[in-house]
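Trainee: Dumping the structure here so I can ask a few things about it.
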Amino acid sequence: MIGRITIAAAIALFFTPATALFSQEHPEHPKKSAEHPKQGAEQPKKGGAAKQVSTADISAGIKKNITAETSKSDGKFHVKYEGQDLALELTKVHDDRLQDLGDGKYFACVDMKSTDGKTYDIDFFLTGQPGKMKVTDTSVHKIDGKPLYNWKEENGKWNKVPTS
């Protein structure tokens with residue numbers, strides 16, 4: 001009996017797509033709500049339709065911002081956290097977590113390493129068009145994988161909420 005259950009579980013896991021198992025790495029990050037246009041749909045503006053911003057545009061925008069900020073100082077990206085100035089180096093842009101939030105707002109999540117070896121997950125909000133994106137807000141979301149807050153959608157707006 002136990003052998004049959006073990007075999008059935010193994011077969012079920014074999015046929016479960018890996019993306020479904022690992023797609024919840026950052027489930028608490030904001031995502032575009034249902035009230036916003038679908039990815040790939042054009043958003044009308046005065047004088048015609050606006051170009052749809054792709055996740056590649058968001059990735060390029062966040063990388064451009066980080067490069068510009070690091071070139072201004074000591075080669076590190078600086079973020080304030082609990083009164084400290086963290087000097088960080090980019091290790092990874094979570095390209096699978098980039099989001100077009102609609103209304104010209106975008107979300108990016110990156111991992112950065114500090115000189116003390118800790119890994120910081122930094123959340124970025126951006127506005128603007130490709131090539132001209134501007135970071136409007138940053139916050140330290142996780143330290144060494146431990147979340148400091150989560151995201152919750154309320155009436156189409158994403159808010160930070162305490163971790164449980």
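Residues in the structure tokens are numbered from 1 in each chain, the chains being A, B, ... in the order shown, and ligands are numbered from 1 in the order shown.
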Sorted by chain and rising residue number, which residues of region 81-133 of chain A lie within 8 Å of region 56-70 of chain A, and what are their closest atom pairs and distances in Å to one decimal, counting only C-alpha atoms, as a tab-separated table?

Mentor:
```
residue	atom	partner	partner_atom	distance
A:Leu90	CA	A:Ile66	CA	7.9
A:Val93	CA	A:Ser59	CA	7.2
A:Asp95	CA	A:Ser59	CA	6.5
A:Leu98	CA	A:Ile58	CA	6.8
A:Gln99	CA	A:Ile58	CA	7.9
A:Tyr106	CA	A:Ile58	CA	7.1
A:Phe107	CA	A:Ile58	CA	7.9
A:Ala108	CA	A:Ile62	CA	7.1
A:Phe124	CA	A:Ile62	CA	8.0
A:Leu126	CA	A:Ile62	CA	8.0
A:Pro130	CA	A:Asp57	CA	5.5
A:Gly131	CA	A:Gly61	CA	6.5
A:Lys132	CA	A:Gly61	CA	7.4
A:Met133	CA	A:Gly61	CA	5.5
```

Trainee: Could you save the residues just selected, with all heavy atoms, as a short mmCIF file (atom, residue, chain, number, x, y, z; two decimals), in the first residue's frame?

Mentor:
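Here's the written file part-v5.cif:
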```
data_model
loop_
_atom_site.label_atom_id
_atom_site.label_comp_id
_atom_site.auth_asym_id
_atom_site.auth_seq_id
_atom_site.Cartn_x
_atom_site.Cartn_y
_atom_site.Cartn_z
N LEU A 90 25.03 44.73 -7.68
CA LEU A 90 23.99 43.96 -8.35
C LEU A 90 24.47 42.53 -8.59
O LEU A 90 25.56 42.31 -9.11
CB LEU A 90 23.63 44.61 -9.69
CG LEU A 90 22.60 43.89 -10.54
CD1 LEU A 90 21.24 43.85 -9.86
CD2 LEU A 90 22.50 44.54 -11.90
N VAL A 93 18.97 40.52 -11.61
CA VAL A 93 17.66 41.14 -11.85
C VAL A 93 16.69 39.98 -12.05
O VAL A 93 16.92 39.10 -12.87
CB VAL A 93 17.67 42.06 -13.09
CG1 VAL A 93 16.27 42.56 -13.40
CG2 VAL A 93 18.62 43.23 -12.90
N ASP A 95 14.23 38.84 -13.79
CA ASP A 95 13.50 39.12 -15.03
C ASP A 95 12.12 38.47 -15.05
O ASP A 95 11.21 38.96 -15.70
CB ASP A 95 14.32 38.69 -16.25
CG ASP A 95 15.50 39.60 -16.51
OD1 ASP A 95 15.40 40.81 -16.22
OD2 ASP A 95 16.53 39.12 -17.01
N LEU A 98 9.49 41.02 -13.24
CA LEU A 98 9.26 42.37 -13.73
C LEU A 98 7.79 42.51 -14.10
O LEU A 98 7.22 41.61 -14.69
CB LEU A 98 10.15 42.64 -14.94
CG LEU A 98 11.65 42.46 -14.71
CD1 LEU A 98 12.40 42.60 -16.02
CD2 LEU A 98 12.17 43.44 -13.68
N GLN A 99 7.20 43.65 -13.75
CA GLN A 99 5.78 43.82 -13.99
C GLN A 99 5.46 45.20 -14.54
O GLN A 99 5.99 46.20 -14.08
CB GLN A 99 4.99 43.67 -12.67
CG GLN A 99 5.00 42.28 -12.10
CD GLN A 99 4.19 41.31 -12.94
OE1 GLN A 99 3.16 41.66 -13.50
NE2 GLN A 99 4.67 40.09 -13.03
N TYR A 106 5.91 50.67 -13.28
CA TYR A 106 6.53 49.36 -13.45
C TYR A 106 7.20 48.93 -12.16
O TYR A 106 7.58 49.75 -11.33
CB TYR A 106 7.57 49.41 -14.59
CG TYR A 106 6.98 50.06 -15.81
CD1 TYR A 106 7.20 51.41 -16.07
CD2 TYR A 106 6.14 49.35 -16.66
CE1 TYR A 106 6.61 52.03 -17.16
CE2 TYR A 106 5.55 49.96 -17.74
CZ TYR A 106 5.79 51.30 -18.00
OH TYR A 106 5.19 51.91 -19.06
N PHE A 107 7.34 47.61 -12.00
CA PHE A 107 7.95 47.03 -10.81
C PHE A 107 9.12 46.15 -11.22
O PHE A 107 9.03 45.41 -12.20
CB PHE A 107 6.91 46.18 -10.06
CG PHE A 107 7.49 45.43 -8.91
CD1 PHE A 107 7.67 46.04 -7.69
CD2 PHE A 107 7.88 44.10 -9.05
CE1 PHE A 107 8.23 45.35 -6.62
CE2 PHE A 107 8.43 43.40 -7.99
CZ PHE A 107 8.60 44.03 -6.78
N ALA A 108 10.21 46.24 -10.46
CA ALA A 108 11.37 45.38 -10.68
C ALA A 108 11.90 44.91 -9.34
O ALA A 108 11.82 45.63 -8.35
CB ALA A 108 12.47 46.14 -11.44
N PHE A 124 11.97 47.84 -6.63
CA PHE A 124 12.05 49.13 -7.32
C PHE A 124 10.72 49.41 -8.01
O PHE A 124 10.12 48.50 -8.59
CB PHE A 124 13.10 49.10 -8.44
CG PHE A 124 14.52 49.07 -7.97
CD1 PHE A 124 15.13 47.90 -7.59
CD2 PHE A 124 15.27 50.25 -7.94
CE1 PHE A 124 16.45 47.88 -7.18
CE2 PHE A 124 16.59 50.24 -7.54
CZ PHE A 124 17.19 49.05 -7.16
N LEU A 126 9.26 52.06 -10.98
CA LEU A 126 9.74 52.95 -12.04
C LEU A 126 8.57 53.56 -12.77
O LEU A 126 7.47 53.00 -12.78
CB LEU A 126 10.59 52.16 -13.05
CG LEU A 126 11.78 51.38 -12.55
CD1 LEU A 126 11.42 49.95 -12.27
CD2 LEU A 126 12.89 51.43 -13.56
N PRO A 130 10.44 53.41 -22.39
CA PRO A 130 11.73 52.74 -22.62
C PRO A 130 12.83 53.74 -22.95
O PRO A 130 12.62 54.68 -23.71
CB PRO A 130 11.44 51.83 -23.82
CG PRO A 130 9.98 51.55 -23.73
CD PRO A 130 9.36 52.81 -23.19
N GLY A 131 13.98 53.55 -22.32
CA GLY A 131 15.12 54.43 -22.52
C GLY A 131 15.11 55.65 -21.63
O GLY A 131 16.10 56.35 -21.49
N LYS A 132 13.96 55.93 -21.01
CA LYS A 132 13.83 57.12 -20.16
C LYS A 132 13.14 56.80 -18.84
O LYS A 132 12.44 57.64 -18.27
CB LYS A 132 13.02 58.19 -20.90
CG LYS A 132 13.67 58.68 -22.17
CD LYS A 132 12.81 59.71 -22.85
CE LYS A 132 13.45 60.11 -24.17
NZ LYS A 132 12.62 61.02 -24.93
N MET A 133 13.31 55.58 -18.35
CA MET A 133 12.65 55.19 -17.11
C MET A 133 13.35 55.80 -15.90
O MET A 133 14.57 55.91 -15.87
CB MET A 133 12.60 53.67 -16.98
CG MET A 133 11.66 53.04 -17.95
SD MET A 133 11.46 51.29 -17.60
CE MET A 133 10.05 50.95 -18.60
#
```

Trainee: Residues within 9 Å of Thr138 (chain A), please, as a list in words. Count only C-alpha atoms; anything in the same chain fewer than 5 positions from it doesn't count.

Mentor: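 In the requested format, the answer is Val79, Ile122, Asp123, Phe124 and Phe125 of chain A.
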
Trainee: Deliver the residues from the most recent selection as a file, using C-alpha atoms, as an mmCIF file, in the first residue's frame.

Mentor:
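Saved result, selection.cif, follows:
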```cif
data_model
loop_
_atom_site.group_PDB
_atom_site.id
_atom_site.type_symbol
_atom_site.label_atom_id
_atom_site.label_comp_id
_atom_site.auth_asym_id
_atom_site.auth_seq_id
_atom_site.Cartn_x
_atom_site.Cartn_y
_atom_site.Cartn_z
ATOM 1 C CA VAL A 79 20.201 52.212 -0.362
ATOM 2 C CA ILE A 122 15.453 45.280 -3.340
ATOM 3 C CA ASP A 123 12.066 46.291 -4.776
ATOM 4 C CA PHE A 124 12.046 49.126 -7.322
ATOM 5 C CA PHE A 125 9.156 51.110 -8.762
#
```

Trainee: Got a sec: who's within 9 Å of Pro147 (chain A), counting only C-alpha atoms, leaving out chain neighbours fewer than 4 positions off, as a list of chain:residue names?

Mentor: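 Returned residues: A:Asp121, A:Val140, A:His141, A:Lys142, A:Ile143, A:Thr163.
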
Trainee: Please compute the CA of Ser114 (chain A)-CA of Lys76 (chain A) distance, one decimal, in Å.

Mentor: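 Separation of CA of Ser114 (chain A) and CA of Lys76 (chain A): 9.0 Å.
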
Trainee: Hey, what's within 7 Å of Thr91 (chain A) if we count only C-alpha atoms and toss same-chain stuff fewer than 3 positions away? As a list in words, please?

Mentor: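 Non-adjacent residues within range: Asp111, Met112 and Lys113 of chain A.
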